[in-house]
$ cat coords02.txt   # compact mmCIF, C-alpha atoms and all ligand atoms
# COMPACT_ATOMS: atom_id res chain seq x y z
CA MET A 1 15.59 -25.33 -18.42
CA LYS A 2 12.71 -24.25 -16.18
CA THR A 3 9.23 -23.59 -17.55
CA LEU A 4 6.92 -20.78 -16.48
CA LEU A 5 3.25 -21.02 -17.40
CA ILE A 6 1.17 -17.83 -17.51
CA VAL A 7 -2.55 -18.60 -17.65
CA TYR A 8 -5.12 -15.84 -17.80
CA HIS A 9 -8.60 -14.86 -18.88
CA THR A 10 -9.91 -11.54 -20.02
CA GLY A 11 -13.41 -10.47 -20.97
CA GLY A 12 -12.12 -7.17 -22.27
CA VAL A 13 -8.64 -5.72 -22.36
CA LYS A 14 -7.33 -4.95 -18.89
CA THR A 15 -6.23 -8.40 -17.77
CA ALA A 16 -4.88 -9.12 -21.25
CA ARG A 17 -2.67 -6.04 -21.09
CA MET A 18 -1.52 -7.03 -17.62
CA ALA A 19 -0.70 -10.51 -18.97
CA GLU A 20 1.33 -9.01 -21.82
CA ALA A 21 3.33 -6.94 -19.34
CA VAL A 22 3.93 -9.94 -17.05
CA GLU A 23 5.05 -11.96 -20.08
CA SER A 24 7.36 -9.22 -21.30
CA GLY A 25 9.01 -9.02 -17.86
CA ALA A 26 9.32 -12.80 -17.74
CA ARG A 27 10.97 -12.96 -21.15
CA THR A 28 13.93 -10.94 -19.91
CA GLU A 29 15.29 -14.07 -18.22
CA ALA A 30 17.02 -16.28 -20.79
CA GLY A 31 17.07 -19.42 -18.70
CA VAL A 32 13.31 -19.89 -18.48
CA LYS A 33 10.86 -21.07 -21.11
CA VAL A 34 7.73 -18.91 -20.93
CA ILE A 35 4.40 -20.31 -22.09
CA VAL A 36 1.31 -18.09 -22.21
CA LYS A 37 -2.18 -19.53 -22.56
CA ARG A 38 -5.75 -18.38 -22.14
CA CYS A 39 -7.66 -20.34 -19.51
CA ALA A 40 -9.78 -21.96 -22.21
CA GLU A 41 -6.68 -23.34 -23.96
CA ALA A 42 -4.81 -24.57 -20.88
CA GLY A 43 -5.21 -27.90 -19.13
CA PRO A 44 -3.63 -30.32 -16.66
CA ALA A 45 -0.71 -31.24 -18.95
CA ASP A 46 0.36 -27.59 -19.09
CA VAL A 47 0.30 -27.28 -15.31
CA LEU A 48 2.13 -30.56 -14.75
CA ALA A 49 4.86 -29.49 -17.19
CA ALA A 50 5.39 -26.10 -15.53
CA ASP A 51 7.86 -25.36 -12.73
CA GLY A 52 5.88 -22.25 -11.79
CA LEU A 53 2.54 -20.68 -12.55
CA ILE A 54 1.32 -17.09 -12.86
CA LEU A 55 -2.46 -16.75 -13.00
CA GLY A 56 -4.42 -13.73 -14.18
CA THR A 57 -8.16 -13.09 -13.97
CA PRO A 58 -10.69 -10.27 -13.91
CA GLU A 59 -12.88 -9.99 -10.82
CA ASN A 60 -16.47 -10.80 -11.75
CA PHE A 61 -19.28 -10.67 -9.20
CA GLY A 62 -16.81 -10.68 -6.33
CA TYR A 63 -15.07 -13.83 -7.56
CA MET A 64 -12.54 -15.02 -10.15
CA SER A 65 -13.87 -15.11 -13.72
CA GLY A 66 -15.89 -18.14 -14.73
CA MET A 67 -13.20 -19.16 -17.22
CA MET A 68 -10.51 -19.20 -14.52
CA LYS A 69 -12.80 -21.27 -12.31
CA ASP A 70 -13.39 -23.67 -15.20
CA PHE A 71 -9.63 -23.99 -15.73
CA LEU A 72 -9.00 -24.66 -12.03
CA GLU A 73 -11.83 -27.19 -11.91
CA ARG A 74 -10.35 -29.06 -14.88
CA VAL A 75 -6.82 -29.16 -13.50
CA PHE A 76 -7.48 -29.67 -9.79
CA TYR A 77 -7.82 -33.44 -9.49
CA PRO A 78 -5.37 -34.39 -12.28
CA CYS A 79 -2.73 -32.17 -10.63
CA GLU A 80 -3.54 -32.73 -6.96
CA GLY A 81 -0.52 -34.16 -5.14
CA LYS A 82 1.73 -33.71 -8.21
CA VAL A 83 2.55 -29.99 -7.99
CA ASN A 84 3.12 -29.60 -4.25
CA GLY A 85 5.41 -26.71 -3.40
CA ARG A 86 5.58 -25.21 -6.89
CA PRO A 87 5.50 -21.41 -6.86
CA TYR A 88 2.63 -19.28 -8.09
CA ALA A 89 1.68 -15.62 -8.38
CA LEU A 90 -1.56 -13.88 -9.29
CA PHE A 91 -2.71 -10.70 -11.01
CA VAL A 92 -6.26 -9.38 -11.10
CA GLY A 93 -7.98 -6.82 -13.28
CA ALA A 94 -10.87 -5.30 -11.31
CA GLY A 95 -13.27 -2.41 -11.41
CA LEU A 96 -13.19 -1.21 -7.83
CA ASP A 97 -12.22 -4.12 -5.60
CA GLY A 98 -10.41 -7.34 -6.64
CA SER A 99 -10.20 -8.97 -3.22
CA GLY A 100 -12.92 -11.52 -3.98
CA ALA A 101 -11.00 -12.73 -7.04
CA VAL A 102 -7.78 -12.98 -5.02
CA ASN A 103 -9.41 -14.87 -2.15
CA SER A 104 -11.22 -17.30 -4.43
CA VAL A 105 -8.10 -18.19 -6.44
CA GLU A 106 -5.89 -18.41 -3.35
CA ARG A 107 -8.26 -20.85 -1.62
CA ILE A 108 -8.13 -23.24 -4.56
CA VAL A 109 -4.41 -23.07 -5.30
CA THR A 110 -3.67 -23.50 -1.62
CA GLY A 111 -5.62 -26.76 -1.93
CA LEU A 112 -3.25 -27.71 -4.75
CA ARG A 113 -0.36 -26.97 -2.35
CA LEU A 114 1.10 -24.32 -4.66
CA GLU A 115 3.17 -21.75 -2.80
CA LYS A 116 2.59 -18.02 -3.11
CA ARG A 117 5.77 -16.17 -4.11
CA ALA A 118 4.42 -12.62 -4.38
CA GLU A 119 1.47 -10.62 -3.10
CA ALA A 120 -1.35 -10.57 -5.64
CA LEU A 121 -1.24 -7.62 -8.01
CA ILE A 122 -4.66 -5.94 -8.27
CA CYS A 123 -5.42 -3.25 -10.83
CA VAL A 124 -8.49 -1.16 -10.03
CA ARG A 125 -9.88 1.56 -12.27
CA GLU A 126 -7.60 2.64 -15.14
CA LEU A 127 -4.55 0.65 -16.10
CA SER A 128 -1.66 3.02 -15.42
CA PRO A 129 1.93 2.89 -16.68
CA GLU A 130 2.93 2.29 -13.04
CA MET A 131 0.72 -0.78 -12.83
CA LEU A 132 2.08 -2.12 -16.11
CA ALA A 133 5.59 -1.62 -14.73
CA LYS A 134 4.59 -3.60 -11.62
CA CYS A 135 3.29 -6.38 -13.85
CA GLU A 136 6.61 -6.47 -15.70
CA GLU A 137 8.47 -6.55 -12.40
CA LEU A 138 6.32 -9.44 -11.22
CA GLY A 139 7.15 -11.45 -14.36
CA ALA A 140 10.84 -10.62 -14.14
CA ALA A 141 11.19 -11.36 -10.42
CA PHE A 142 9.25 -14.61 -10.69
CA ASP A 143 11.34 -15.75 -13.61
CA THR A 144 14.60 -14.88 -11.89
CA GLY A 145 13.48 -16.87 -8.84
CA LEU A 146 12.74 -19.86 -11.04
CA ALA A 147 15.98 -19.61 -13.03
CA MET A 148 18.13 -19.27 -9.91
CA GLY A 149 16.36 -22.12 -8.18
CA VAL A 150 15.41 -19.81 -5.31
CA PHE A 151 11.79 -21.03 -5.52
C1 LIG B 1 -20.06 -9.35 -15.13
C2 LIG B 1 -19.07 -8.44 -14.46
C3 LIG B 1 -18.93 -8.48 -13.10
C4 LIG B 1 -17.99 -7.66 -12.46
N1 LIG B 1 -17.84 -7.73 -11.11
C5 LIG B 1 -16.89 -6.98 -10.50
C6 LIG B 1 -16.66 -7.10 -9.11
O1 LIG B 1 -17.30 -7.87 -8.41
N2 LIG B 1 -15.69 -6.34 -8.54
C7 LIG B 1 -14.92 -5.46 -9.27
O2 LIG B 1 -14.05 -4.81 -8.71
N3 LIG B 1 -15.11 -5.34 -10.61
C8 LIG B 1 -16.07 -6.08 -11.24
N4 LIG B 1 -16.25 -5.97 -12.59
C9 LIG B 1 -15.37 -5.10 -13.37
C10 LIG B 1 -14.24 -5.88 -13.99
O3 LIG B 1 -13.53 -6.63 -13.03
C11 LIG B 1 -13.26 -4.91 -14.65
O4 LIG B 1 -13.94 -4.22 -15.69
C12 LIG B 1 -12.03 -5.60 -15.21
O5 LIG B 1 -11.14 -4.61 -15.61
C13 LIG B 1 -12.33 -6.48 -16.39
O6 LIG B 1 -11.12 -6.99 -16.87
P1 LIG B 1 -10.97 -7.39 -18.39
O7 LIG B 1 -10.99 -6.11 -19.18
O8 LIG B 1 -9.68 -8.11 -18.48
O9 LIG B 1 -12.13 -8.29 -18.73
C14 LIG B 1 -17.19 -6.78 -13.24
C15 LIG B 1 -17.35 -6.76 -14.64
C16 LIG B 1 -18.27 -7.59 -15.24
C17 LIG B 1 -18.40 -7.56 -16.76
$ encode --input "coords02.txt" --output "structure tokens"
Amino acid sequence: MKTLLIVYHTGGVKTARMAEAVESGARTEAGVKVIVKRCAEAGPADVLAADGLILGTPENFGYMSGMMKDFLERVFYPCEGKVNGRPYALFVGAGLDGSGAVNSVERIVTGLRLEKRAEALICVRELSPEMLAKCEELGAAFDTGLAMGVF
């Protein structure tokens, strides 16, 4: 059975609600074990054990959140060279922009040789039912790709 790891941080509610929607979409696929952790709880062993990774972060000061950066700093060297080619996706809760968070995460995970499987999902302003549906779709599509071995 494949394992999907969803790792996220939230300082409020938006990214947490996005994470819940991604998780709920991912849980529709029976053939994949879904693990959800906050950045502070996740470490290299979680990443090494996962066949795919979905990351979620708010945008803070034009960058990923400090907790996501801390997570990536802790996992980078223990995982470097051991996760090449594994798929990842990203969702971002932002106020008005979100591109700085996307760029900062993508630079680092590209260094880990993870492969992007979907365009980053950015939620600006209010969290709409449409955006939550997109989060669910992201989780479901990612999971299906993992289960079918398409990734
Ligand atoms: C310290 C701080 C810095 C922020 N910087 C940005 C920013 O650079 N760009 C942006 O679009 N939103 C920015 N925001 C807004 C947050 O990204 C937005 O409120 C987001 O929804 C927070 O997600 P959360 O509720 O999961 O914590 C900032 C918020 C805080 C608290």
$ closest_residue --input "coords02.txt" --among "A:Val83, A:Leu53, A:Val150, A:Ala140" --to "Lys116 in chain A" --atoms "only C-alpha atoms"
A:Leu53
$ closest_atom_pairs --input "coords02.txt" --of "chain A" --to "ligand LIG 1 (chain B)" --cutoff "8 Å" --atoms "all atoms listed in the file" --output "Markdown table"
| residue | atom | partner | partner_atom | distance |
| --- | --- | --- | --- | --- |
| A:His9 | CA | B:LIG1 | O8 | 6.8 |
| A:Thr10 | CA | B:LIG1 | O8 | 3.8 |
| A:Gly11 | CA | B:LIG1 | O9 | 3.4 |
| A:Gly12 | CA | B:LIG1 | O7 | 3.5 |
| A:Val13 | CA | B:LIG1 | O7 | 4.0 |
| A:Lys14 | CA | B:LIG1 | O7 | 3.9 |
| A:Thr15 | CA | B:LIG1 | O8 | 3.5 |
| A:Ala16 | CA | B:LIG1 | O8 | 5.6 |
| A:Arg17 | CA | B:LIG1 | O8 | 7.8 |
| A:Thr57 | CA | B:LIG1 | O8 | 6.9 |
| A:Pro58 | CA | B:LIG1 | O6 | 4.4 |
| A:Glu59 | CA | B:LIG1 | O3 | 4.1 |
| A:Asn60 | CA | B:LIG1 | N1 | 3.4 |
| A:Phe61 | CA | B:LIG1 | O1 | 3.5 |
| A:Gly62 | CA | B:LIG1 | O1 | 3.5 |
| A:Tyr63 | CA | B:LIG1 | O1 | 6.4 |
| A:Val92 | CA | B:LIG1 | O6 | 7.9 |
| A:Gly93 | CA | B:LIG1 | O5 | 4.5 |
| A:Ala94 | CA | B:LIG1 | O3 | 3.4 |
| A:Gly95 | CA | B:LIG1 | N3 | 3.6 |
| A:Leu96 | CA | B:LIG1 | O2 | 3.8 |
| A:Asp97 | CA | B:LIG1 | O2 | 3.7 |
| A:Gly98 | CA | B:LIG1 | O2 | 4.9 |
| A:Ser99 | CA | B:LIG1 | O2 | 7.9 |
| A:Gly100 | CA | B:LIG1 | O1 | 7.2 |
| A:Cys123 | CA | B:LIG1 | O5 | 7.6 |
| A:Val124 | CA | B:LIG1 | O2 | 6.8 |
| A:Arg125 | CA | B:LIG1 | O5 | 7.1 |
$ residues_around --input "coords02.txt" --residues "range 26-36 of chain A" --least-positions-apart "6" --cutoff "7 Å" --atoms "all atoms listed in the file" --output "NGL selection string"
:A and (1-7 or 139-140 or 143-144 or 147)
$ closest_residue --input "coords02.txt" --among "A:Ala133, A:Leu138, A:Ala118, A:Ala45" --to "Phe76 in chain A" --atoms "only C-alpha atoms"
A:Ala45
$ closest_residue --input "coords02.txt" --among "A:Leu90, A:Ala19, A:Leu55, A:Ala40" --to "Asp70 in chain A" --atoms "all atoms listed in the file"
A:Ala40
$ closest_residue --input "coords02.txt" --among "A:Cys135, A:Ala141, A:Val47, A:Leu114" --to "Arg86 in chain A" --atoms "all atoms listed in the file"
A:Leu114
$ closest_residue --input "coords02.txt" --among "A:Leu112, A:Ala50, A:Met148, A:Leu132" --to "Glu20 in chain A" --atoms "only C-alpha atoms"
A:Leu132
$ residues_near_point --input "coords02.txt" --point "(-3.0, -20.1, -5.4)" --cutoff "9 Å" --atoms "all atoms listed in the file" --output "ChimeraX atom specification"
/A:55,87-90,102-116
$ atom_distance --input "coords02.txt" --atom1 "CA of Met68 in chain A" --atom2 "CA of Phe91 in chain A"
12.1 Å
